[in-house]
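The file my_file-v6.txt contains compact mmCIF, C-alpha atoms and all ligand atoms:
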# COMPACT_ATOMS: atom_id res chain seq x y z
CA MET A 1 55.52 168.24 279.35
CA ALA A 2 54.63 166.28 282.48
CA ALA A 3 50.92 166.01 283.26
CA PHE A 4 51.47 167.33 286.80
CA ASP A 5 53.49 170.28 288.03
CA SER A 6 56.42 168.83 290.02
CA GLN A 7 56.21 171.43 292.80
CA SER A 8 52.50 171.98 293.33
CA GLU A 9 51.37 168.57 292.02
CA ARG A 10 48.66 170.51 290.17
CA PRO A 11 47.38 169.14 286.87
CA ARG A 12 49.09 170.85 283.95
CA THR A 13 46.88 169.41 281.24
CA PRO A 14 43.09 169.14 280.97
CA ALA A 15 43.42 165.34 280.80
CA ALA A 16 45.09 165.30 284.21
CA LEU A 17 42.11 167.00 285.91
CA PRO A 18 40.34 164.77 288.44
CA GLU A 19 36.66 163.84 288.17
CA GLU A 20 35.83 165.92 291.27
CA LEU A 21 36.77 169.48 290.37
CA GLY A 22 35.08 171.25 293.26
CA PHE A 23 35.00 175.04 293.00
CA GLY A 24 38.10 177.14 292.30
CA ARG A 25 40.64 174.44 293.14
CA PHE A 26 42.16 173.95 289.70
CA PHE A 27 43.35 176.49 287.16
CA THR A 28 44.25 176.39 283.49
CA ASP A 29 47.84 176.89 282.32
CA ARG A 30 47.50 180.42 280.89
CA MET A 31 46.32 183.75 282.30
CA PHE A 32 46.01 187.35 281.17
CA VAL A 33 47.90 190.14 282.96
CA GLN A 34 48.14 193.89 282.38
CA ARG A 35 49.45 196.77 284.46
CA TYR A 36 48.30 200.31 285.08
CA THR A 37 50.17 203.45 286.02
CA VAL A 38 48.83 207.00 286.07
CA GLN A 39 51.43 208.00 283.46
CA ARG A 40 50.87 205.14 281.01
CA GLY A 41 47.33 203.95 281.70
CA TRP A 42 46.78 200.22 281.11
CA HIS A 43 49.76 198.66 279.35
CA ASP A 44 51.80 195.52 278.71
CA GLY A 45 48.69 193.33 278.45
CA ALA A 46 49.63 189.74 277.59
CA ILE A 47 48.50 186.16 277.92
CA VAL A 48 51.26 184.38 279.85
CA PRO A 49 51.77 181.01 281.56
CA TYR A 50 49.71 180.70 284.77
CA GLY A 51 51.93 181.37 287.76
CA PRO A 52 52.79 183.65 290.68
CA LEU A 53 52.80 187.42 290.22
CA ALA A 54 55.62 189.51 291.65
CA VAL A 55 53.91 191.81 294.17
CA ASP A 56 55.70 194.35 296.35
CA PRO A 57 55.19 193.65 300.08
CA ALA A 58 54.26 197.32 300.49
CA ALA A 59 51.68 197.13 297.68
CA GLN A 60 48.59 199.06 298.77
CA LEU A 61 46.44 195.97 298.29
CA PHE A 62 47.80 194.69 301.61
CA HIS A 63 47.37 197.95 303.50
CA CYS A 64 44.29 199.59 301.98
CA GLY A 65 42.47 196.54 300.62
CA GLN A 66 41.76 197.88 297.13
CA GLY A 67 40.81 194.70 295.32
CA ILE A 68 37.87 193.77 293.08
CA PHE A 69 36.91 190.74 291.06
CA GLU A 70 34.26 189.18 288.84
CA GLY A 71 32.99 185.68 288.31
CA MET A 72 31.35 184.46 285.08
CA LYS A 73 31.14 181.24 283.14
CA ALA A 74 32.19 179.76 279.83
CA LEU A 75 30.12 176.64 279.09
CA ARG A 76 30.51 173.80 276.63
CA ARG A 77 27.43 173.47 274.43
CA ALA A 78 26.04 170.13 273.36
CA ASP A 79 27.12 170.90 269.76
CA GLY A 80 30.74 171.30 270.91
CA GLY A 81 30.72 175.09 270.76
CA VAL A 82 31.29 177.39 273.73
CA ASN A 83 28.98 179.99 275.28
CA LEU A 84 30.04 182.92 277.45
CA PHE A 85 27.17 183.82 279.77
CA ARG A 86 26.28 187.52 280.12
CA ALA A 87 29.93 188.51 279.76
CA GLY A 88 29.03 192.13 279.00
CA ASP A 89 27.00 192.50 282.20
CA HIS A 90 29.87 191.14 284.26
CA ALA A 91 32.30 193.52 282.54
CA VAL A 92 30.01 196.48 283.27
CA ARG A 93 29.86 195.47 286.94
CA PHE A 94 33.66 195.07 287.08
CA ASN A 95 34.06 198.72 286.11
CA ARG A 96 31.35 199.82 288.57
CA SER A 97 33.20 197.99 291.33
CA ALA A 98 36.44 199.67 290.20
CA GLU A 99 34.81 203.09 290.42
CA ARG A 100 33.43 202.43 293.92
CA MET A 101 36.86 201.34 295.14
CA ALA A 102 38.58 204.40 293.56
CA MET A 103 40.31 202.20 290.99
CA PRO A 104 40.69 202.89 287.25
CA PRO A 105 38.24 201.26 284.82
CA VAL A 106 39.50 198.79 282.24
CA ASP A 107 38.63 199.25 278.57
CA PHE A 108 35.27 197.49 278.33
CA GLN A 109 35.69 196.18 274.76
CA GLN A 110 39.27 195.11 275.32
CA HIS A 111 38.34 193.30 278.55
CA LEU A 112 35.67 191.34 276.64
CA ARG A 113 38.00 190.60 273.73
CA THR A 114 40.64 189.36 276.16
CA ILE A 115 38.18 187.00 277.85
CA ARG A 116 37.17 185.63 274.43
CA GLU A 117 40.78 185.18 273.40
CA LEU A 118 41.85 183.54 276.65
CA VAL A 119 38.85 181.18 276.79
CA SER A 120 39.36 180.30 273.11
CA LEU A 121 42.99 179.47 273.74
CA GLN A 122 42.11 177.34 276.78
CA ARG A 123 38.96 175.74 275.44
CA GLU A 124 40.13 172.16 276.02
CA TRP A 125 40.01 172.97 279.74
CA ILE A 126 36.23 173.52 279.63
CA PRO A 127 34.76 170.42 281.26
CA ALA A 128 31.93 168.70 279.41
CA ARG A 129 30.15 167.03 282.36
CA PRO A 130 26.60 168.20 283.13
CA GLY A 131 26.63 171.31 285.29
CA ALA A 132 30.39 171.79 284.84
CA SER A 133 31.94 174.90 283.30
CA LEU A 134 35.00 177.09 283.08
CA TYR A 135 34.78 179.83 285.71
CA VAL A 136 36.33 183.11 284.53
CA ARG A 137 37.78 185.23 287.35
CA PRO A 138 38.96 188.75 286.44
CA VAL A 139 40.75 190.52 289.32
CA MET A 140 42.19 194.02 289.87
CA PHE A 141 44.37 195.06 292.80
CA ALA A 142 46.39 198.05 294.02
CA ALA A 143 50.08 197.54 293.32
CA GLU A 144 51.78 200.80 294.29
CA GLN A 145 54.55 200.54 296.85
CA SER A 146 53.22 202.90 299.52
CA LEU A 147 51.85 202.79 303.05
CA GLU A 148 49.88 206.01 302.59
CA VAL A 149 46.14 205.67 303.04
CA ARG A 150 44.87 206.87 299.66
CA ALA A 151 43.99 205.40 296.27
CA SER A 152 46.92 203.63 294.67
CA LYS A 153 48.53 205.04 291.53
CA SER A 154 49.31 201.64 290.03
CA TYR A 155 47.26 198.50 289.57
CA VAL A 156 47.39 194.98 288.19
CA HIS A 157 44.45 193.46 286.28
CA TYR A 158 44.54 189.75 285.61
CA ILE A 159 42.16 187.03 284.43
CA ILE A 160 42.42 183.40 285.49
CA LEU A 161 40.26 180.41 284.51
CA SER A 162 39.12 177.58 286.74
CA PRO A 163 37.38 174.39 285.54
CA ILE A 164 34.56 173.71 288.02
CA ASN A 165 31.82 171.20 288.71
CA ALA A 166 28.35 172.24 289.72
CA TYR A 167 29.03 174.19 292.94
CA PHE A 168 27.11 172.05 295.40
CA GLY A 169 27.82 168.81 293.58
CA SER A 170 25.35 167.31 291.18
CA SER A 171 22.75 166.64 293.89
CA PHE A 172 20.26 169.26 294.99
CA ARG A 173 21.33 168.82 298.61
CA PRO A 174 19.76 171.70 300.52
CA VAL A 175 22.11 173.97 302.47
CA SER A 176 21.39 175.50 305.87
CA VAL A 177 21.70 179.19 306.78
CA PHE A 178 22.13 180.92 310.12
CA VAL A 179 20.68 184.42 310.57
CA SER A 180 23.47 186.68 311.84
CA GLU A 181 22.00 189.26 314.22
CA GLU A 182 25.29 190.66 315.45
CA HIS A 183 27.52 190.77 312.40
CA PHE A 184 26.74 192.33 309.06
CA ARG A 185 28.18 191.92 305.60
CA ALA A 186 27.55 195.40 304.28
CA VAL A 187 25.80 198.67 305.01
CA ARG A 188 24.06 201.18 302.74
CA GLY A 189 26.67 203.69 301.65
CA GLY A 190 29.40 201.10 302.15
CA THR A 191 30.83 198.72 299.57
CA GLY A 192 28.11 196.05 299.50
CA GLU A 193 27.17 196.87 295.90
CA ALA A 194 30.76 196.44 294.72
CA LYS A 195 32.30 193.03 294.09
CA THR A 196 35.27 193.74 296.34
CA ILE A 197 37.40 191.42 298.42
CA ALA A 198 36.63 193.67 301.41
CA ASN A 199 33.04 192.35 301.53
CA TYR A 200 34.28 188.78 301.76
CA ALA A 201 36.71 189.74 304.53
CA MET A 202 33.75 191.24 306.43
CA SER A 203 31.79 188.02 306.06
CA LEU A 204 34.27 185.41 307.24
CA TYR A 205 33.99 185.72 311.02
CA ALA A 206 30.19 185.40 311.04
CA THR A 207 30.43 182.54 308.55
CA GLU A 208 32.80 180.64 310.84
CA LEU A 209 30.38 181.23 313.73
CA ALA A 210 27.54 179.85 311.60
CA ARG A 211 29.66 176.78 310.78
CA ALA A 212 30.47 176.26 314.44
CA ASN A 213 26.70 176.30 315.06
CA GLY A 214 26.15 173.56 312.46
CA TYR A 215 25.06 175.75 309.54
CA ASP A 216 26.61 176.06 306.07
CA GLN A 217 26.22 179.79 305.50
CA VAL A 218 25.00 183.07 306.94
CA LEU A 219 21.66 184.64 306.07
CA TRP A 220 22.58 188.33 306.12
CA LEU A 221 20.27 191.05 307.43
CA ASP A 222 20.52 194.77 306.66
CA ALA A 223 22.92 196.51 309.01
CA VAL A 224 20.72 199.55 309.75
CA GLU A 225 17.40 198.11 310.93
CA ARG A 226 18.79 194.64 311.45
CA ARG A 227 15.62 192.94 310.26
CA TYR A 228 15.44 192.89 306.47
CA VAL A 229 16.90 189.91 304.64
CA GLU A 230 19.65 190.81 302.15
CA GLU A 231 21.76 187.87 300.96
CA ALA A 232 22.70 184.28 301.78
CA GLY A 233 26.42 183.55 302.01
CA ALA A 234 27.97 185.20 298.96
CA MET A 235 24.76 184.81 296.97
CA SER A 236 21.38 186.41 296.41
CA VAL A 237 18.38 184.78 298.05
CA ALA A 238 14.74 184.16 297.11
CA PHE A 239 11.63 182.68 298.72
CA VAL A 240 8.85 180.78 296.96
CA TYR A 241 5.35 181.26 298.36
CA GLY A 242 2.75 178.59 297.64
CA GLY A 243 4.98 176.85 295.09
CA LYS A 244 4.56 179.77 292.72
CA HIS A 245 5.20 183.35 293.76
CA ILE A 246 8.89 184.23 294.16
CA ARG A 247 9.88 187.04 296.53
CA THR A 248 13.42 188.35 296.60
CA PRO A 249 14.92 191.26 298.55
CA ALA A 250 14.81 194.50 296.55
CA LEU A 251 18.26 195.98 295.89
CA SER A 252 18.91 198.19 298.89
CA GLY A 253 22.30 199.80 298.37
CA SER A 254 24.02 197.09 300.38
CA ILE A 255 23.08 194.08 298.24
CA LEU A 256 25.39 192.99 295.42
CA PRO A 257 23.44 193.35 292.15
CA SER A 258 23.74 189.71 291.12
CA VAL A 259 23.61 188.93 287.40
CA THR A 260 22.02 185.54 288.12
CA ARG A 261 19.35 187.25 290.25
CA ASP A 262 18.64 189.53 287.30
CA SER A 263 18.38 186.48 285.01
CA ILE A 264 15.89 184.85 287.39
CA LEU A 265 13.84 188.07 287.59
CA LYS A 266 13.43 187.94 283.81
CA LEU A 267 13.22 184.18 283.29
CA ALA A 268 10.96 183.10 286.19
CA PRO A 269 7.79 184.93 284.99
CA ASP A 270 8.27 183.37 281.55
CA LEU A 271 8.35 179.94 283.26
CA GLY A 272 5.15 180.69 285.18
CA PHE A 273 6.63 182.00 288.43
CA PRO A 274 5.63 185.62 289.13
CA VAL A 275 8.43 187.51 290.93
CA SER A 276 8.40 190.51 293.22
CA GLU A 277 11.27 192.50 294.73
CA GLU A 278 10.43 193.53 298.27
CA ARG A 279 11.68 194.31 301.74
CA ILE A 280 11.50 190.96 303.53
CA ASP A 281 11.26 191.05 307.32
CA ILE A 282 13.08 188.14 308.97
CA GLY A 283 10.41 187.70 311.69
CA GLU A 284 7.61 187.42 309.15
CA LEU A 285 9.73 185.20 306.98
CA VAL A 286 10.42 182.56 309.62
CA ARG A 287 6.73 182.59 310.58
CA ASP A 288 5.89 181.95 306.93
CA VAL A 289 8.45 179.15 306.80
CA GLU A 290 6.97 177.63 309.95
CA SER A 291 3.37 177.85 308.67
CA GLY A 292 4.36 176.32 305.36
CA ALA A 293 3.40 179.44 303.38
CA VAL A 294 7.01 179.48 302.14
CA SER A 295 7.40 176.36 300.05
CA GLU A 296 11.03 176.86 299.04
CA VAL A 297 14.03 178.99 299.84
CA PHE A 298 17.04 179.16 297.56
CA CYS A 299 20.21 181.10 296.94
CA ILE A 300 21.22 182.42 293.54
CA GLY A 301 24.63 183.16 292.01
CA THR A 302 26.91 182.40 289.08
CA ALA A 303 28.85 179.50 290.60
CA ALA A 304 25.91 177.42 291.89
CA VAL A 305 23.21 179.01 289.70
CA ILE A 306 20.54 177.99 292.24
CA ALA A 307 20.97 176.09 295.50
CA PRO A 308 18.03 175.17 297.74
CA ILE A 309 18.10 176.18 301.40
CA GLY A 310 16.58 173.57 303.69
CA ARG A 311 16.93 175.07 307.16
CA ILE A 312 17.11 178.54 308.70
CA GLY A 313 18.56 179.17 312.17
CA PHE A 314 17.13 182.27 313.89
CA HIS A 315 16.93 183.35 317.52
CA GLY A 316 18.06 179.97 318.84
CA ARG A 317 15.51 178.05 316.77
CA SER A 318 15.79 175.98 313.64
CA TYR A 319 13.14 176.33 310.92
CA GLU A 320 12.86 173.54 308.36
CA VAL A 321 11.76 174.54 304.87
CA ASN A 322 9.03 172.08 303.85
CA GLY A 323 9.67 171.77 300.16
CA ALA A 324 13.47 171.88 300.30
CA ARG A 325 13.90 168.21 299.53
CA THR A 326 11.84 168.31 296.38
CA ALA A 327 12.88 171.88 295.44
CA LEU A 328 10.57 171.74 292.43
CA GLY A 329 10.67 175.48 291.73
CA ALA A 330 14.44 175.66 292.16
CA ARG A 331 14.85 172.70 289.82
CA ARG A 332 12.60 174.23 287.19
CA LEU A 333 14.49 177.54 287.30
CA TYR A 334 17.87 175.78 287.37
CA GLU A 335 16.90 173.78 284.30
CA GLY A 336 15.43 176.81 282.55
CA LEU A 337 18.54 178.90 283.09
CA THR A 338 21.10 176.17 282.40
CA ASP A 339 19.21 175.16 279.22
CA ILE A 340 19.95 178.66 277.93
CA GLN A 341 23.54 178.66 279.23
CA TYR A 342 24.40 175.34 277.57
CA GLY A 343 22.53 176.18 274.39
CA ARG A 344 19.96 173.39 274.79
CA VAL A 345 17.18 175.83 273.97
CA SER A 346 17.11 179.06 272.02
CA ASP A 347 17.97 182.17 274.01
CA PRO A 348 15.35 184.90 273.65
CA TYR A 349 17.22 187.15 276.12
CA GLY A 350 20.56 187.44 274.28
CA TRP A 351 22.52 186.21 277.32
CA ALA A 352 24.50 183.31 275.84
CA LEU A 353 27.28 184.62 273.59
CA PRO A 354 28.72 181.95 271.29
CA LEU A 355 32.51 182.16 271.35
CA ASP A 356 33.06 181.20 267.74
CA VAL A 357 30.36 182.98 265.82
CA PRO A 358 32.14 185.72 263.93
CA ALA A 359 30.63 189.18 264.34
CA ARG A 360 27.77 189.41 261.86
CA VAL A 361 28.38 191.74 258.98
CA SER A 362 25.55 194.18 258.92
CA ALA A 363 23.62 194.38 255.65
CA ALA A 364 23.56 198.16 255.76
C1 LIG B 1 29.16 187.48 293.26
C2 LIG B 1 28.17 187.69 294.34
C3 LIG B 1 26.80 187.38 294.17
C4 LIG B 1 26.27 186.69 292.95
O1 LIG B 1 26.36 187.50 291.82
P1 LIG B 1 26.25 186.83 290.36
O2 LIG B 1 26.45 187.96 289.44
O3 LIG B 1 24.92 186.24 290.25
O4 LIG B 1 27.33 185.82 290.31
C5 LIG B 1 25.93 187.67 295.20
N1 LIG B 1 26.37 188.23 296.34
C6 LIG B 1 27.66 188.54 296.55
C7 LIG B 1 28.08 189.16 297.82
C8 LIG B 1 28.61 188.27 295.56
O5 LIG B 1 29.90 188.56 295.77

Take the structure in the file and give it back as structure tokens.
Amino acid sequence: MAAFDSQSERPRTPAALPEELGFGRFFTDRMFVQRYTVQRGWHDGAIVPYGPLAVDPAAQLFHCGQGIFEGMKALRRADGGVNLFRAGDHAVRFNRSAERMAMPPVDFQQHLRTIRELVSLQREWIPARPGASLYVRPVMFAAEQSLEVRASKSYVHYIILSPINAYFGSSFRPVSVFVSEEHFRAVRGGTGEAKTIANYAMSLYATELARANGYDQVLWLDAVERRYVEEAGAMSVAFVYGGKHIRTPALSGSILPSVTRDSILKLAPDLGFPVSEERIDIGELVRDVESGAVSEVFCIGTAAVIAPIGRIGFHGRSYEVNGARTALGARRLYEGLTDIQYGRVSDPYGWALPLDVPARVSAA
């Protein structure tokens, strides 16, 4: 087999992958697909060669937007083994997202078994470079041929794998965020808590405006009072006060319950950083950034793990975050969490699931 696909010029073997993987640009050569109908439930699940899916142009995905996804990581341990990080939590969220979007749940155990099987089969594609990993992207979309505005009666669930580098490159280059006061990502009672493609569609226009203004991402406010900080780009966000105390927006009904955020909430206190979940007013926040009370700002999510924010644009002004260049807290948390992910330290939280350890036979 040729190393590169003749049509797409995409690498077809792990050895043909370039040094610079970026995020979500390359995919392995196998994927999982199954279909759902009301009559048969989920059926015809199979691991098949990676490639285009036949989708009806009238499929409700395109007209009603029923689409959900997940994002989790498989990581190569120093001892050559593979860890899946918090796979169960991502699978639980996948089914919550399905419920919110009026889509059928997948079988939780089977979904997890499939991810294990697919990652096992494609393990040579897991990059070994520091910070690199295999990003696992389960997706579900509405497939029924119908223009009616109602929940679809058929769906496709698939899982693809993408070898990625550390999201923002290996450097801790701080990103900049622009506070959107006119456009909002999500509203309480809406779909902000679901990992649905609709939320990303909502976010793109404001993100392009932020880019045109010289910022990397949007800092999202709540859509009701338009003053409480919710997320940064497609990630959670946190603020370090006095190099120590971490404040992060409390889940509000319009914030995506990030698994990485949850990991930080549990890990940070153990590393000496007390954490609180609060309502964070944007006016107070920028004053605290300006006075230097806020020593670091960072965003949190599976792909990047932690990325420092160096500058906040609000009300026509730019606020520099003092400690962004050193990002000592972010670094410490990044190291603490990735040490567990890559199996460099023992995992007291039970988050890193070794791929190859056979299920332990209980003594009872
Ligand atoms: C996926 C996502 C996150 C991060 O969630 P993790 O579980 O930590 O990857 C945060 N916000 C939004 C909007 C997301 O889609």

Give me the residues of chain A that have any atom at most 7 Å from an atom of ligand LIG 1 (chain B); for each, the nearest atom pair and the distance in Å, rounded to one decimal. Use only C-alpha atoms and all ligand atoms, sort by chain and number, and format it as a tab-separated table.
residue	atom	partner	partner_atom	distance
A:Glu70	CA	B:LIG1	C1	7.0
A:Gly71	CA	B:LIG1	O4	6.0
A:Met72	CA	B:LIG1	O4	6.7
A:His90	CA	B:LIG1	O2	7.0
A:Lys195	CA	B:LIG1	O5	5.3
A:Asn199	CA	B:LIG1	C7	7.0
A:Glu231	CA	B:LIG1	N1	6.5
A:Ala234	CA	B:LIG1	C7	4.1
A:Met235	CA	B:LIG1	C5	3.6
A:Ser236	CA	B:LIG1	C5	4.9
A:Ile255	CA	B:LIG1	N1	7.0
A:Leu256	CA	B:LIG1	N1	4.9
A:Pro257	CA	B:LIG1	O1	6.5
A:Ser258	CA	B:LIG1	O1	3.5
A:Val259	CA	B:LIG1	O2	3.6
A:Thr260	CA	B:LIG1	O3	3.7
A:Arg261	CA	B:LIG1	O3	5.7
A:Ile300	CA	B:LIG1	O3	6.3
A:Gly301	CA	B:LIG1	O3	3.6
A:Thr302	CA	B:LIG1	O4	3.7
A:Ala303	CA	B:LIG1	O4	6.5

message: The residues within 9 Å of (21.3, 178.2, 286.0), using only C-alpha atoms and the coordinates of the file, should be reported as an MDAnalysis selection string; which are they?
response: chainID A and resid 131 260 263:264 300:306 333:341

- prompt: So, counting only C-alpha atoms, which residue among A:Leu21, A:Asn83, A:His157, A:Ala91 is closest to Gln34 of chain A?
  reply: A:His157

Around all of segment 118-132 of chain A's listed atoms, make the axis-aligned box with 3 Å on each side and tell me centre and edge lengths in Å to one decimal, as AutoDock Vina command-line options.
--center_x 34.8 --center_y 175.3 --center_z 279.2 --size_x 22.4 --size_y 22.5 --size_z 18.2

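Residues with at least one atom no more than 12 Å from (52.0, 197.0, 301.4), using only C-alpha atoms, are Val55, Asp56, Pro57, Ala58, Ala59, Gln60, Leu61, Phe62, His63, Cys64, Gly65, Gln66, Phe141, Ala142, Ala143, Glu144, Gln145, Ser146, Leu147, Glu148, Val149 and Ser152 of chain A.
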
query: Which one of A:Arg77, A:Gly214, A:Pro127, A:Arg100 sits closest to Phe26 of chain A if you count all atoms listed in the file?
result: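 Distance minimum relative to Phe26 of chain A lands on A:Pro127.
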
task: Please provide as a PyMOL selection string all residues within 8 Å of segment 318-327 of chain A, with the sequence filter that same-chain residues fewer than 6 positions apart are discarded (counting only C-alpha atoms).
output: chain A and resi 172-174+286+289-290+292+294-297+308-312

field: d(atom CA of Ala223 of chain A, atom CA of Ala250 of chain A) in Å
entry: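 Answer for the atom CA of Ala223 of chain A to atom CA of Ala250 of chain A separation: 15.0 Å.
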
task: Could you jot down the atom CA of Ala238 of chain A to atom CA of Phe298 of chain A separation for me, Å, one decimal place?
output: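 Computed distance, atom CA of Ala238 of chain A to atom CA of Phe298 of chain A, equals 5.5 Å.
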
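Of the residues under consideration (A:Arg123, A:Lys73, A:Arg332, A:Arg188), A:Lys73 shows the shortest atom-to-atom contact distance to Ala352 of chain A when counting all atoms listed in the file.
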
statement: From the list A:Gly350, A:Asp270, A:Gly243, A:Leu355, the nearest residue to Leu328 of chain A using only C-alpha atoms is A:Gly243

- prompt: For Glu124 of chain A, which of A:Asp347, A:Asp29, A:Asp222, A:Asp356 is the closest residue, counting all atoms listed in the file?
  reply: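 Closest to Glu124 of chain A of all the choices is A:Asp29.
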